[in-house]
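**Student:** For reference, the file protein_7.csv (CSV, C-alpha atoms and all ligand atoms) is included below:
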chain,number,residue,atom,x,y,z
S,1,MET,CA,0.0,0.0,0.0
S,2,ASN,CA,1.6,3.3,-1.1
S,3,TRP,CA,1.1,6.6,0.8
S,4,ILE,CA,-1.6,7.9,-1.6
S,5,THR,CA,-3.8,4.9,-1.0
S,6,ARG,CA,-3.2,5.2,2.8
S,7,ILE,CA,-4.3,8.8,2.8
S,8,LYS,CA,-7.3,8.0,0.7
S,9,LYS,CA,-8.3,5.3,3.1
S,10,ILE,CA,-7.9,7.6,6.1
S,11,GLY,CA,-10.1,10.3,4.3
S,12,GLU,CA,-12.8,7.7,3.6
S,13,ASN,CA,-12.8,6.6,7.3
S,14,ILE,CA,-13.1,10.3,8.4
S,15,LYS,CA,-16.0,10.8,6.0
S,16,ARG,CA,-17.8,7.6,7.2
S,17,ASN,CA,-17.4,8.6,10.8
S,18,ILE,CA,-18.8,12.1,10.1
S,19,GLN,CA,-21.8,10.7,8.2
S,20,LYS,CA,-22.4,8.3,11.1
S,21,LYS,CA,-22.7,11.3,13.5
S,22,PHE,CA,-25.4,13.0,11.4
S,23,PRO,CA,-28.7,11.4,10.7
S,24,THR,CA,-29.7,11.0,7.0
S,25,LYS,CA,-32.8,12.7,5.6
S,26,LYS,CA,-34.6,9.4,5.8
S,27,GLU,CA,-33.7,8.9,9.4
S,28,GLN,CA,-34.8,12.5,10.2
S,29,ALA,CA,-38.1,11.9,8.5
S,30,GLU,CA,-38.7,8.7,10.4
S,31,SER,CA,-37.7,10.0,13.8
S,32,ASN,CA,-40.2,11.1,16.4
S,33,TRP,CA,-37.9,14.0,17.3
S,34,ILE,CA,-37.0,17.3,15.6
S,35,SER,CA,-34.3,19.7,16.4
S,36,CYS,CA,-35.7,23.1,17.3
S,37,CYS,CA,-34.9,26.1,19.6
S,38,SER,CA,-34.4,24.1,22.8
S,39,GLY,CA,-32.7,21.1,21.2
S,40,PRO,CA,-34.7,18.0,20.5
S,41,VAL,CA,-38.5,18.5,20.6
S,42,LEU,CA,-41.1,15.7,20.1
S,43,LYS,CA,-42.7,16.2,16.7
S,44,SER,CA,-46.1,15.5,18.2
S,45,GLU,CA,-45.7,18.8,20.2
S,46,ILE,CA,-45.4,20.8,17.0
S,47,PHE,CA,-47.3,18.9,14.3
S,48,ASN,CA,-50.8,18.8,15.6
S,49,ASP,CA,-54.2,20.5,15.1
S,50,GLU,CA,-53.6,22.9,18.0
S,51,GLN,CA,-50.1,24.0,17.2
S,52,LEU,CA,-50.6,23.9,13.4
S,53,ASN,CA,-47.0,23.0,12.7
S,54,THR,CA,-45.6,25.8,14.8
S,55,CYS,CA,-43.2,25.5,17.8
S,56,PRO,CA,-44.9,26.4,21.0
S,57,LYS,CA,-41.6,27.8,22.5
S,58,CYS,CA,-39.9,29.8,19.7
S,59,LEU,CA,-43.0,30.2,17.5
S,60,LYS,CA,-41.0,28.8,14.5
S,61,HIS,CA,-43.5,28.1,11.7
S,62,TYR,CA,-42.9,24.8,9.9
S,63,PRO,CA,-44.3,24.2,6.4
S,64,PHE,CA,-48.0,23.7,6.1
S,65,ASN,CA,-48.9,21.8,2.9
S,66,PRO,CA,-51.9,23.0,0.7
S,67,ILE,CA,-54.3,20.5,2.1
S,68,GLU,CA,-53.4,21.3,5.7
S,69,ARG,CA,-53.8,24.9,4.7
S,70,PHE,CA,-57.2,24.6,3.1
S,71,ASN,CA,-58.4,22.4,6.0
S,72,HIS,CA,-57.5,25.1,8.4
S,73,PHE,CA,-58.6,28.0,6.3
S,74,PHE,CA,-62.0,26.8,5.0
S,75,GLY,CA,-62.5,23.9,7.5
S,76,LYS,CA,-62.3,20.2,6.7
S,77,ASN,CA,-64.7,19.1,3.9
S,78,ASN,CA,-65.8,22.7,3.5
S,79,TYR,CA,-64.1,23.4,0.1
S,80,GLN,CA,-63.6,21.8,-3.2
S,81,ILE,CA,-60.3,21.3,-5.1
S,82,ILE,CA,-60.4,22.9,-8.5
S,83,ASN,CA,-59.0,20.9,-11.4
S,84,THR,CA,-56.2,22.8,-13.2
S,85,PRO,CA,-54.7,22.4,-16.7
S,86,SER,CA,-52.0,19.7,-17.4
S,87,PRO,CA,-49.6,21.1,-20.0
S,88,PRO,CA,-47.1,18.7,-21.5
S,89,ASP,CA,-44.3,17.6,-19.1
S,90,ASP,CA,-40.6,18.3,-19.7
S,91,MET,CA,-40.9,20.1,-23.0
S,92,LEU,CA,-37.2,20.8,-23.0
S,93,ASP,CA,-36.2,17.2,-22.2
S,94,PHE,CA,-34.2,18.4,-19.2
S,95,PRO,CA,-32.0,15.6,-17.7
S,96,GLY,CA,-33.6,14.0,-14.6
S,97,TYR,CA,-36.7,16.3,-14.7
S,98,LYS,CA,-39.3,13.6,-15.5
S,99,GLU,CA,-38.1,11.6,-12.4
S,100,LYS,CA,-38.3,14.8,-10.3
S,101,LEU,CA,-41.9,15.4,-11.4
S,102,ALA,CA,-42.7,11.8,-10.7
S,103,ARG,CA,-41.3,12.0,-7.2
S,104,GLY,CA,-43.2,15.2,-6.5
S,105,ARG,CA,-46.5,13.7,-7.7
S,106,LYS,CA,-46.0,10.5,-5.6
S,107,LEU,CA,-45.1,12.5,-2.5
S,108,THR,CA,-47.9,15.2,-2.7
S,109,GLY,CA,-50.6,13.5,-4.8
S,110,HIS,CA,-50.8,16.6,-7.0
S,111,HIS,CA,-49.7,17.1,-10.6
S,112,CYS,CA,-47.8,20.3,-9.9
S,113,ALA,CA,-46.7,22.5,-6.9
S,114,VAL,CA,-49.8,24.7,-6.9
S,115,VAL,CA,-53.2,23.5,-5.6
S,116,VAL,CA,-56.4,25.5,-6.1
S,117,ALA,CA,-59.5,25.3,-3.9
S,118,LYS,CA,-62.8,27.1,-3.6
S,119,GLY,CA,-64.9,27.6,-0.5
S,120,THR,CA,-67.3,30.0,1.1
S,121,ILE,CA,-66.6,31.8,4.4
S,122,GLU,CA,-69.4,33.7,6.0
S,123,GLY,CA,-71.2,34.0,2.7
S,124,ILE,CA,-68.2,35.2,0.7
S,125,ASP,CA,-66.9,33.0,-2.1
S,126,ILE,CA,-63.1,32.6,-1.9
S,127,VAL,CA,-60.8,31.0,-4.4
S,128,SER,CA,-57.5,30.1,-2.8
S,129,PHE,CA,-54.3,28.7,-4.1
S,130,ALA,CA,-51.3,27.4,-2.1
S,131,ILE,CA,-47.9,26.2,-3.1
S,132,ASP,CA,-46.4,22.9,-1.9
S,133,SER,CA,-42.7,23.3,-1.3
S,134,ARG,CA,-42.3,19.5,-1.2
S,135,PHE,CA,-43.0,19.5,-5.0
S,136,ASN,CA,-39.7,20.4,-6.7
S,137,GLY,CA,-39.1,23.1,-4.0
S,138,GLY,CA,-42.4,24.7,-4.8
S,139,SER,CA,-41.1,26.0,-8.1
S,140,ILE,CA,-43.4,27.4,-10.7
S,141,ASN,CA,-43.4,25.4,-13.9
S,142,SER,CA,-45.9,25.6,-16.7
S,143,ALA,CA,-48.5,23.5,-14.9
S,144,ALA,CA,-48.1,25.5,-11.7
S,145,GLY,CA,-48.3,28.8,-13.6
S,146,GLU,CA,-51.4,27.6,-15.5
S,147,ALA,CA,-53.0,26.6,-12.1
S,148,ILE,CA,-52.5,30.1,-10.8
S,149,VAL,CA,-53.9,31.7,-13.9
S,150,SER,CA,-56.9,29.3,-13.7
S,151,ALA,CA,-57.4,30.3,-10.0
S,152,TYR,CA,-57.8,33.9,-11.0
S,153,GLN,CA,-60.1,33.0,-13.9
S,154,LYS,CA,-62.3,30.9,-11.6
S,155,ALA,CA,-62.5,33.9,-9.2
S,156,ILE,CA,-63.5,36.2,-12.0
S,157,ASP,CA,-66.2,33.7,-13.2
S,158,ASP,CA,-67.6,33.1,-9.7
S,159,SER,CA,-67.2,36.7,-8.4
S,160,ALA,CA,-65.0,35.3,-5.6
S,161,ALA,CA,-62.2,36.9,-3.6
S,162,VAL,CA,-58.7,35.4,-4.0
S,163,VAL,CA,-56.4,34.4,-1.1
S,164,ALA,CA,-52.9,33.3,-2.3
S,165,TRP,CA,-50.5,31.4,0.1
S,166,CYS,CA,-47.1,32.2,-1.4
S,167,GLU,CA,-44.0,30.2,-0.9
S,168,GLY,CA,-41.4,28.4,-2.9
S,169,GLY,CA,-38.0,28.8,-4.6
S,170,GLY,CA,-39.0,30.6,-7.8
S,171,GLN,CA,-39.5,29.5,-11.4
S,172,ALA,CA,-38.6,25.9,-12.4
S,173,MET,CA,-35.2,26.1,-14.0
S,174,GLN,CA,-35.9,22.9,-15.8
S,175,GLU,CA,-38.4,24.7,-18.0
S,176,SER,CA,-36.2,27.7,-18.6
S,177,ALA,CA,-38.0,30.5,-20.5
S,178,ILE,CA,-41.3,28.6,-20.5
S,179,SER,CA,-41.5,28.9,-16.7
S,180,LEU,CA,-40.1,32.5,-16.8
S,181,HIS,CA,-42.9,33.6,-19.0
S,182,PHE,CA,-45.3,32.6,-16.2
S,183,MET,CA,-44.0,35.5,-14.2
S,184,VAL,CA,-45.6,37.8,-16.7
S,185,LYS,CA,-48.7,35.6,-17.3
S,186,THR,CA,-49.5,35.3,-13.5
S,187,VAL,CA,-49.2,39.0,-13.0
S,188,LEU,CA,-51.4,39.7,-16.0
S,189,ALA,CA,-53.9,37.2,-14.6
S,190,ALA,CA,-53.8,39.0,-11.1
S,191,ASN,CA,-54.3,42.4,-12.8
S,192,THR,CA,-57.1,41.1,-15.0
S,193,PHE,CA,-58.8,39.8,-11.8
S,194,LYS,CA,-58.4,43.1,-10.1
S,195,LYS,CA,-59.7,45.0,-13.1
S,196,ASN,CA,-62.7,42.8,-13.8
S,197,SER,CA,-64.0,41.5,-10.5
S,198,GLY,CA,-63.8,44.2,-7.9
S,199,MET,CA,-63.2,41.5,-5.3
S,200,PRO,CA,-60.3,41.5,-2.9
S,201,LEU,CA,-57.0,39.9,-3.5
S,202,ILE,CA,-54.9,38.9,-0.5
S,203,ASN,CA,-51.4,37.5,-0.7
S,204,VAL,CA,-49.9,35.8,2.3
S,205,TYR,CA,-46.2,34.9,2.6
S,206,THR,CA,-45.5,31.6,4.2
S,207,ASN,CA,-42.5,29.5,4.9
S,208,LYS,CA,-39.8,30.6,2.4
S,209,CYS,CA,-40.7,32.7,-0.6
S,210,TYR,CA,-38.0,33.5,-3.2
S,211,GLY,CA,-37.0,34.2,-6.7
S,212,GLY,CA,-39.6,34.5,-9.5
S,213,ILE,CA,-42.4,34.0,-7.1
S,214,THR,CA,-41.6,37.1,-5.0
S,215,ALA,CA,-40.8,38.9,-8.3
S,216,SER,CA,-44.2,38.2,-9.9
S,217,PHE,CA,-47.6,37.3,-8.6
S,218,ALA,CA,-46.5,37.4,-4.9
S,219,GLY,CA,-44.8,40.8,-5.3
S,220,PRO,CA,-45.7,43.3,-2.5
S,221,SER,CA,-47.5,45.6,-4.9
S,222,ILE,CA,-49.7,43.0,-6.6
S,223,ALA,CA,-52.4,42.3,-4.0
S,224,ASP,CA,-54.8,44.7,-2.2
S,225,ILE,CA,-53.3,43.6,1.1
S,226,THR,CA,-50.1,41.5,1.7
S,227,LEU,CA,-49.9,39.6,5.0
S,228,ALA,CA,-47.3,37.2,6.2
S,229,GLU,CA,-46.8,34.4,8.7
S,230,PRO,CA,-43.3,34.4,10.3
S,231,SER,CA,-41.3,33.6,7.1
S,232,LEU,CA,-38.4,34.4,4.9
S,233,VAL,CA,-39.0,36.5,1.8
S,234,GLY,CA,-36.5,37.7,-0.7
S,235,PHE,CA,-35.1,37.3,-4.2
S,236,ALA,CA,-31.9,35.2,-3.7
S,237,GLY,CA,-31.5,32.9,-0.7
S,238,GLN,CA,-29.4,34.0,2.3
S,239,ALA,CA,-26.5,31.7,1.6
S,240,ILE,CA,-26.2,33.1,-2.0
S,241,VAL,CA,-26.4,36.7,-0.8
S,242,LYS,CA,-23.8,36.0,1.8
S,243,ASN,CA,-21.4,34.3,-0.6
S,244,GLN,CA,-21.8,37.1,-3.2
S,245,THR,CA,-21.4,40.0,-0.8
S,246,ARG,CA,-18.8,38.2,1.5
S,247,GLU,CA,-20.4,40.1,4.4
S,248,ASN,CA,-22.4,39.1,7.4
S,249,LEU,CA,-26.1,39.6,6.9
S,250,PRO,CA,-27.9,42.1,9.2
S,251,GLU,CA,-30.1,40.7,11.9
S,252,GLY,CA,-33.6,39.9,10.6
S,253,PHE,CA,-32.4,39.9,7.0
S,254,GLN,CA,-35.3,38.8,4.7
S,255,SER,CA,-37.6,38.1,7.7
S,256,SER,CA,-41.2,38.9,7.4
S,257,SER,CA,-40.9,41.3,10.4
S,258,THR,CA,-38.2,43.3,8.5
S,259,LEU,CA,-40.6,43.3,5.5
S,260,LEU,CA,-43.2,44.8,7.7
S,261,GLU,CA,-40.8,47.4,9.0
S,262,LYS,CA,-39.8,48.4,5.5
S,263,GLY,CA,-43.4,48.7,4.3
S,264,MET,CA,-43.2,45.6,2.0
S,265,CYS,CA,-46.1,43.9,3.8
S,266,ASP,CA,-49.1,45.0,5.8
S,267,GLY,CA,-49.0,42.6,8.8
S,268,VAL,CA,-47.3,39.6,10.3
S,269,TYR,CA,-49.4,37.1,12.2
S,270,HIS,CA,-49.1,33.8,13.9
S,271,ARG,CA,-50.7,30.9,11.9
S,272,LYS,CA,-53.3,30.7,14.7
S,273,GLU,CA,-54.4,34.2,14.1
S,274,ILE,CA,-54.0,34.8,10.4
S,275,ASN,CA,-57.3,33.3,9.1
S,276,ASP,CA,-59.3,35.7,11.3
S,277,LYS,CA,-57.2,38.6,10.0
S,278,ILE,CA,-57.7,37.6,6.4
S,279,LYS,CA,-61.5,37.3,6.9
S,280,SER,CA,-61.6,40.7,8.6
S,281,VAL,CA,-59.7,42.3,5.8
S,282,ILE,CA,-61.9,40.8,3.1
S,283,LYS,CA,-65.1,41.8,4.9
S,284,LEU,CA,-63.7,45.3,5.4
S,285,LEU,CA,-62.8,45.6,1.7
S,286,LEU,CA,-66.2,44.4,0.8
S,287,ASN,CA,-67.8,46.9,3.3
S,288,LYS,CA,-69.2,44.0,5.3
S,289,ASN,CA,-67.4,44.7,8.5
S,290,THR,CA,-67.4,46.8,11.7
S,291,GLU,CA,-70.2,48.7,13.3
S,292,VAL,CA,-69.3,51.8,11.3
S,293,ASN,CA,-69.9,49.9,8.1
S,294,SER,CA,-73.2,48.5,9.3
S,295,LEU,CA,-74.3,52.0,10.1
S,296,LYS,CA,-73.2,53.0,6.6
S,297,TYR,CA,-75.2,50.1,5.2
S,298,ASP,CA,-78.3,51.2,7.1
S,299,GLN,CA,-77.8,54.8,5.8
S,300,THR,CA,-77.3,53.5,2.3
S,301,SER,CA,-80.4,51.3,2.4
S,302,GLU,CA,-82.3,54.3,3.8
S,303,VAL,CA,-81.1,56.4,0.9
S,304,ASN,CA,-82.0,53.7,-1.6
S,305,ASN,CA,-85.5,53.4,0.0
S,306,GLN,CA,-85.9,57.2,-0.3
S,307,THR,CA,-84.7,57.1,-3.9
S,308,ARG,CA,-87.1,54.3,-4.7
S,309,GLU,CA,-90.0,56.1,-3.0
S,310,ALA,CA,-89.1,59.3,-4.9
S,311,SER,CA,-89.1,57.6,-8.2
S,401,ZN,ZN,-38.6,26.0,18.6
Could you write out this structure as structure tokens?
Ligand SMILES: [Zn+2]

**Tutor:**
Amino acid sequence: MNWITRIKKIGENIKRNIQKKFPTKKEQAESNWISCCSGPVLKSEIFNDEQLNTCPKCLKHYPFNPIERFNHFFGKNNYQIINTPSPPDDMLDFPGYKEKLARGRKLTGHHCAVVVAKGTIEGIDIVSFAIDSRFNGGSINSAAGEAIVSAYQKAIDDSAAVVAWCEGGGQAMQESAISLHFMVKTVLAANTFKKNSGMPLINVYTNKCYGGITASFAGPSIADITLAEPSLVGFAGQAIVKNQTRENLPEGFQSSSTLLEKGMCDGVYHRKEINDKIKSVIKLLLNKNTEVNSLKYDQTSEVNNQTREAS
């Protein structure tokens, strides 16, 4: 055995020992424990109907998949999933993409990262879409883009409000310019909805929202009101920014609370509170809220009655 082989063997041993110390992704998924603020925490303390996938101690918000989200927002069995278009897969024949799509579909049960649902809350029809980050990092490919466009179309057709739960890494690089063009198409769809429906559009940042998603339909100026759960929102991820600038990032960099401070969103709320906030905002925008508005309603109906009587 020469010295090169010996060093190679020592290197492999070190690598094997390091790997042994850290659990694999599979082991982490199968474990009953998760590492959070105070060290190991039982998953059952975080992932339950009361805590809604948030840590009771540090309030960290873990991902909420679209079905968990709609169950919580509309109530279980109180909404319907809307079928969305299925454009051809892998038009550019990108290596490994077909397998990635297959894995995402098997894991989530959906054909793309965006799931659209419709329900009624306190008499107001609402179309909602949510992004599943488990599906190719929540990236927007042509199917996901078409799903978003069809959500806005459904809302226009049904005179419904729109609530969009925005997260994910951006546009799907495997579809190159095809997915990039959905940055334009989704913004046009949002604007068409706003121009034609007169119904509220609420965007909510959740989990981690980056890239083309933040730069298009989830942009702070797109919706009537933009809210957030404790989340990270930006264009490029923190590691990329740090590597590029070679500087330490300021405290709270890309956090939703910084967004609020800088005027890029209108409110940050715990997952336990955010549904009520959204409902209040929608009712307020539709003039269906507060005692002031009910007084205004009474006055309006009085005026209408007088007008009718006069005519
Ligand atoms: Zn914690």

**Student:** Go through S:Gly11, S:Gly39, S:Gly169, S:Pro23 and flag the residue nearest ligand ZN 401 (chain S), using all atoms listed in the file for the distances.

**Tutor:** S:Gly39

**Student:** Find the residues near ligand ZN 401 (chain S). Use a cut-off of 8 Å, count only C-alpha atoms and all ligand atoms, and write them as a list in words.

**Tutor:**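 Protein and nucleic-acid residues within 8 Å of ligand ZN 401 (chain S): Ser35, Cys36, Cys37, Ser38, Val41, Thr54, Cys55, Pro56, Lys57, Cys58, Leu59 and Lys60 of chain S.
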
**Student:** What are the nearest atom pairs, with distances in Å to one decimal, for all residues of region 120-197 of chain S that come at most 9 Å from region 70-77 of chain S, using all atoms listed in the file, set out by chain and rising residue number as JSON lines?

**Tutor:**
{"residue": "S:Thr120", "atom": "CA", "partner": "S:Phe74", "partner_atom": "CA", "distance": 7.3}
{"residue": "S:Ile121", "atom": "CA", "partner": "S:Phe74", "partner_atom": "CA", "distance": 6.8}
{"residue": "S:Ser128", "atom": "CA", "partner": "S:Phe70", "partner_atom": "CA", "distance": 8.1}
{"residue": "S:Phe129", "atom": "CA", "partner": "S:Phe70", "partner_atom": "CA", "distance": 8.8}
{"residue": "S:Ala130", "atom": "CA", "partner": "S:Phe70", "partner_atom": "CA", "distance": 8.3}

**Student:** Please identify all polymer residues within 8 Å of Tyr152 (chain S), counting all atoms listed in the file, omitting same-chain residues fewer than 4 positions from it, and present them as a PyMOL selection string.

**Tutor:** chain S and resi 127+148+156+162+189-190+193

**Student:** Hey, can you check how far CA of Ile274 (chain S) sits from CA of Phe64 (chain S)?

**Tutor:**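 Those two atoms sit 13.3 Å apart.
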
**Student:** Where does region 6-79 of chain S meet region 232-238 of chain S within 12 Å, residue by residue, with the nearest atom pair and distance in Å to one decimal for each, counting all atoms listed in the file, listed by chain and rising number, as a tab-separated table?

**Tutor:**
residue	atom	partner	partner_atom	distance
S:Lys60	CA	S:Leu232	CA	11.4
S:His61	CA	S:Leu232	CA	10.6
S:Tyr62	CA	S:Leu232	CA	11.7
S:Pro63	CA	S:Leu232	CA	11.9

**Student:** Can you work out the spacing between CA of Trp165 (chain S) and CA of Met199 (chain S) in Å, to one decimal?

**Tutor:**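 CA of Met199 (chain S) lies 17.1 Å from CA of Trp165 (chain S).
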
**Student:** Tell me, in Å to one decimal, how far CA of Val184 (chain S) is from CA of Ile213 (chain S).

**Tutor:**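 Separation between CA of Val184 (chain S) and CA of Ile213 (chain S): 10.8 Å.
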
**Student:** Using only C-alpha atoms, tabulate the residues of region 118-141 of chain S lying at most 12 Å from any atom of region 101-104 of chain S, each with its closest atom pair and that distance in Å to one decimal, by chain and increasing residue number, as a tab-separated table.

**Tutor:**
residue	atom	partner	partner_atom	distance
S:Asp132	CA	S:Gly104	CA	9.5
S:Ser133	CA	S:Gly104	CA	9.6
S:Arg134	CA	S:Gly104	CA	6.9
S:Phe135	CA	S:Gly104	CA	4.6
S:Asn136	CA	S:Gly104	CA	6.3
S:Gly137	CA	S:Gly104	CA	9.2
S:Gly138	CA	S:Gly104	CA	9.7
S:Ser139	CA	S:Gly104	CA	11.1
S:Asn141	CA	S:Leu101	CA	10.4
